[in-house]
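For reference, the structure discussed in these notes is given below.
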Amino acid sequence: MTRTTDKPLRIMLVAGEVSGDRFGAQLMSSLRCALTRPISFMGVGGAAMSAQGLNSLHSINDTAVVGIWDVVKRLPLLLRRIRETAEFALHESPDALVLIDSPDFTHRVAKRVRAHNKMIPIIAYVAPSVWAWRRHRATRMRAYIDHIMVLLPFEEEVFRRAKGPACTYVGHPALEEVPTLQDGEAFRKRHDINTDEHVVALLPGSRRGEVERHVDRFVEAGLRLRELTGDVRLVLLGREEVRPLLESKQSNWCGKVLLLFGEEERIGLFGAANAALVAVGTAVLELGLARVPMVVGLREHAFNAYLGARLLRTPSLSLVNLVLDAPATEEYLQEELEKEKVAAALQRILTPPGRERILGHLDEFCAMMSIGSSVPSERAARTVLEIVGDANRSG
């Protein structure tokens with residue numbers, strides 16, 4: 001709903017990692033466009049949200065962790081950031097608190113805020129994967145989350161059946177930045193890549209821990225693919241947050257891997273890539289929407305892998321496979337993530353009939369993820385404003 005008063009709407013957003021930072025920036029832009037009244041933002045975010053006017057309380061790198069082992073290693077810092085963020089929310093008392101993904105961090109902030117102030121509407125943007133493990137979380141979330149904006153088409157029904165908080169499917173923000181043919185052509189021209197060369201993207205993750213576990217194995221598999229196929233240009237895409245780590249390894253690749261950073265390069269690479277080796281996570285879905293055939297890999301700390309094997313309730317870790325409910329993308333986990341197997345899998349999706357098979361799956365995936373002419377961040381912004389309006393009327 002559009003507000004007409006001159007009093008600024010005050011929205012606090014809390015993102016805990018890089019993908020959430022991008023989603024938060026898109027939401028901020030859409031909220032600003034949806035209002036005729038002033039709006040101010042506060043909270044936690046990264047570079048993208050800062051570009052939209054957010055002064056982050058702390059670095060997003062402090063909370064970008066994956067798996068229980070990473071949480072344990074950084075527990076004192078995480079606990080301090082949770083406490084500081086919650087105390088800030090309670091002091092500022094914003095019109096709404098929007099939590100973006102990273103439930104190990106953001107939901108603990110929500111619990112602290114709700115315990116001391118029940119009047120602040122708390123909205124979760126990106127649902128925790130209750131369909132994969134710990135389904136009971138959905139019901140427990142009702143105590144501290146008022147509404148969830150979900151990104152995957154099956155999640156509304158999952159939360160309804162699990163008796164979770166009220167839920168709205170808004171679509172995945174990656175739908176707003178699907179690369180075009182022109183993006184791919186510009187990328188090849190910018191990096192002097194011939195049209196007959198296969199571009200293979202290597203995406204080892206965004207957090208330092210997962211990059212450390214994946215990058216050497218990904219590069220080894222890519223180099224082995226070059227030996228098998230020949231006309232392959234390997235491009236490793238990194239986040240600025242892990243630039244020093246990746247640049248320290250660059251000399252080991254003997255100039256055979258192009259290392260790139262930045263949003264323009266990401267969009268261009270997704271438009272140009274013929275195939276990708278990608279770590280489990282949001283990038284799997286983004287590549288799927290860009291129709292890039294991929295192989296999915298995961299190398300976890302042994303303790304996280306042990307817990308995952310005992311607790312996970314899904315047949316796959318690939319979001320493409322989960323949406324399709326079919327084994328569209330090959331996965332190589334733990335010790336299976338080794339160069340010979342992965343290189344052979346990449347070779348299969350670069351050549352017929354494997355390529356045609358996976359492109360057919362990706363066409364179906366894109367159709368299932370489509371929300372027509374709607375824009376996900378605009379739908380999310382409307383949902384936030386409706387909730388704020390309802391809270392104001394009930395107050």
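Here's how to read the names in the structure tokens: chain A, B, ... by the order shown, residue numbers from 1 in each chain, ligand numbers from 1 in the order shown.
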* **Spatial neighbours of range 239-251 of chain A, max dist 8 Å, only C-alpha atoms, sep filter under 4 positions, as a list in words** =>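 In the requested format, the answer is Asn61, Ser206, Arg207, Arg208, Val211, Gly255, Val257, Leu259, Phe261 and Gly262 of chain A.
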Selected residues, N, CA and C atoms, written as an mmCIF file, in the first residue's frame, please.
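Written out: result03.cif:
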```
data_model
loop_
_atom_site.group_PDB
_atom_site.id
_atom_site.type_symbol
_atom_site.label_atom_id
_atom_site.label_comp_id
_atom_site.auth_asym_id
_atom_site.auth_seq_id
_atom_site.Cartn_x
_atom_site.Cartn_y
_atom_site.Cartn_z
ATOM 1 N N ASN A 61 30.737 -9.817 6.696
ATOM 2 C CA ASN A 61 31.634 -10.973 6.787
ATOM 3 C C ASN A 61 31.634 -11.593 8.173
ATOM 4 N N SER A 206 30.771 -18.286 -1.736
ATOM 5 C CA SER A 206 30.979 -16.889 -1.367
ATOM 6 C C SER A 206 31.641 -16.718 -0.005
ATOM 7 N N ARG A 207 31.458 -17.661 0.894
ATOM 8 C CA ARG A 207 32.042 -17.563 2.229
ATOM 9 C C ARG A 207 33.458 -18.120 2.212
ATOM 10 N N ARG A 208 34.308 -17.555 3.042
ATOM 11 C CA ARG A 208 35.716 -17.957 3.037
ATOM 12 C C ARG A 208 35.882 -19.462 3.281
ATOM 13 N N VAL A 211 34.920 -21.533 0.226
ATOM 14 C CA VAL A 211 35.888 -21.306 -0.855
ATOM 15 C C VAL A 211 37.168 -22.088 -0.574
ATOM 16 N N GLY A 255 48.285 -19.255 -15.212
ATOM 17 C CA GLY A 255 47.602 -18.486 -16.245
ATOM 18 C C GLY A 255 46.509 -19.228 -16.972
ATOM 19 N N VAL A 257 43.549 -20.159 -15.675
ATOM 20 C CA VAL A 257 42.221 -19.848 -15.141
ATOM 21 C C VAL A 257 42.082 -18.336 -15.040
ATOM 22 N N LEU A 259 40.527 -15.252 -13.391
ATOM 23 C CA LEU A 259 39.926 -14.936 -12.099
ATOM 24 C C LEU A 259 39.238 -13.574 -12.193
ATOM 25 N N PHE A 261 36.009 -10.761 -10.568
ATOM 26 C CA PHE A 261 35.201 -10.323 -9.436
ATOM 27 C C PHE A 261 34.187 -9.294 -9.924
ATOM 28 N N GLY A 262 33.121 -9.131 -9.183
ATOM 29 C CA GLY A 262 32.201 -8.042 -9.461
ATOM 30 C C GLY A 262 30.897 -8.478 -10.098
#
```
* Asked: If we count only C-alpha atoms, what is near Arg10 in chain A at a cut-off of 7 Å, once residues fewer than 3 positions away on the same chain are taken out, given as a ChimeraX atom specification?
  -> /A:39-41,94-95
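Residues of range 229-339 of chain A that DSSP, applied to the backbone, places in strand (DSSP E or B): Val232, Arg233, Leu234, Val235, Leu236, Leu237, Gly238, Val257, Leu258, Leu259, Leu260, Phe261, Ala275, Ala276, Leu277, Val278, Ala279, Met294, Val295, Val296, Gly297, Leu298, Glu330, Glu331, Tyr332 and Leu333 of chain A.
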* If you run DSSP on the backbone, which residues of range 220-284 of chain A are helix (DSSP H, G or I), as a PyMOL selection string? -> chain A and resi 220-229+240-253+263-272+282-284
* Asked: Quick one: distance from CA of Met369 in chain A to CA of Ala279 in chain A in Å, one decimal?
  ->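 CA of Met369 in chain A sits 20.6 Å away from CA of Ala279 in chain A.
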Counting only C-alpha atoms, which residues of range 329-372 of chain A sit at most 12 Å from some atom of range 376-390 of chain A, and what is each one's closest atom pair with its distance in Å to one decimal, listed by chain and rising residue number, as JSON lines?
```
{"residue": "A:Met369", "atom": "CA", "partner": "A:Pro376", "partner_atom": "CA", "distance": 11.0}
{"residue": "A:Ser370", "atom": "CA", "partner": "A:Pro376", "partner_atom": "CA", "distance": 10.0}
{"residue": "A:Ile371", "atom": "CA", "partner": "A:Pro376", "partner_atom": "CA", "distance": 8.0}
{"residue": "A:Gly372", "atom": "CA", "partner": "A:Pro376", "partner_atom": "CA", "distance": 10.2}
```
* Asked: Residues at most 9 Å from range 229-235 of chain A, counting only C-alpha atoms, excluding those fewer than 3 positions away in the same chain, as a ChimeraX atom specification?
  -> /A:193,196-203,219,222-226,256-260,269,273,347
* **Among the residues A:Ala15, A:Asn274, A:Leu287, A:Leu151, the one that comes closest to Leu54 in chain A [using only C-alpha atoms]** =>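 The closest residue to Leu54 in chain A is A:Ala15.
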* Which polymer residues have any atom within 9 Å of an atom of Ala283 in chain A, counting only C-alpha atoms, with same-chain residues fewer than 5 positions away left out, as a list in words? ->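 Final neighbour list, sorted by chain and number: Ser19, Leu203, Gly205, Val278 and Gly288 of chain A.
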Take the residues from that selection and write them out as a short mmCIF file (atom, residue, chain, number, x, y, z; two decimals), in the first residue's frame, keeping C-alpha atoms.
```cif
data_model
loop_
_atom_site.label_atom_id
_atom_site.label_comp_id
_atom_site.auth_asym_id
_atom_site.auth_seq_id
_atom_site.Cartn_x
_atom_site.Cartn_y
_atom_site.Cartn_z
CA SER A 19 23.32 -13.30 -1.48
CA LEU A 203 31.91 -21.01 -8.64
CA GLY A 205 31.08 -20.27 -3.08
CA VAL A 278 29.15 -24.72 -8.71
CA GLY A 288 19.42 -22.65 -13.57
#
```
* Contacts of His172 in chain A at 12 Å (only C-alpha atoms; same-chain gap of 3+ positions) as a ChimeraX atom specification -> /A:19-20,22-23,26-27,125-127,149-153,155,168-169,175-178,282-283,285-286,288-289,319,366,368-371,374-380
* Find the residues around Ala86 in chain A up to 12 Å (only C-alpha atoms counted), leave out those fewer than 3 positions away in its own chain, and share them as a PyMOL selection string. => chain A and resi 12-14+43-44+57+79-83+89-94+97+99+105-117+120
* Asked: Which one of A:Phe159, A:Thr139, A:Arg190, A:Gly16 sits closest to Asp104 in chain A if you count only C-alpha atoms?
  ->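 Among the listed residues, A:Gly16 lies closest to Asp104 in chain A.
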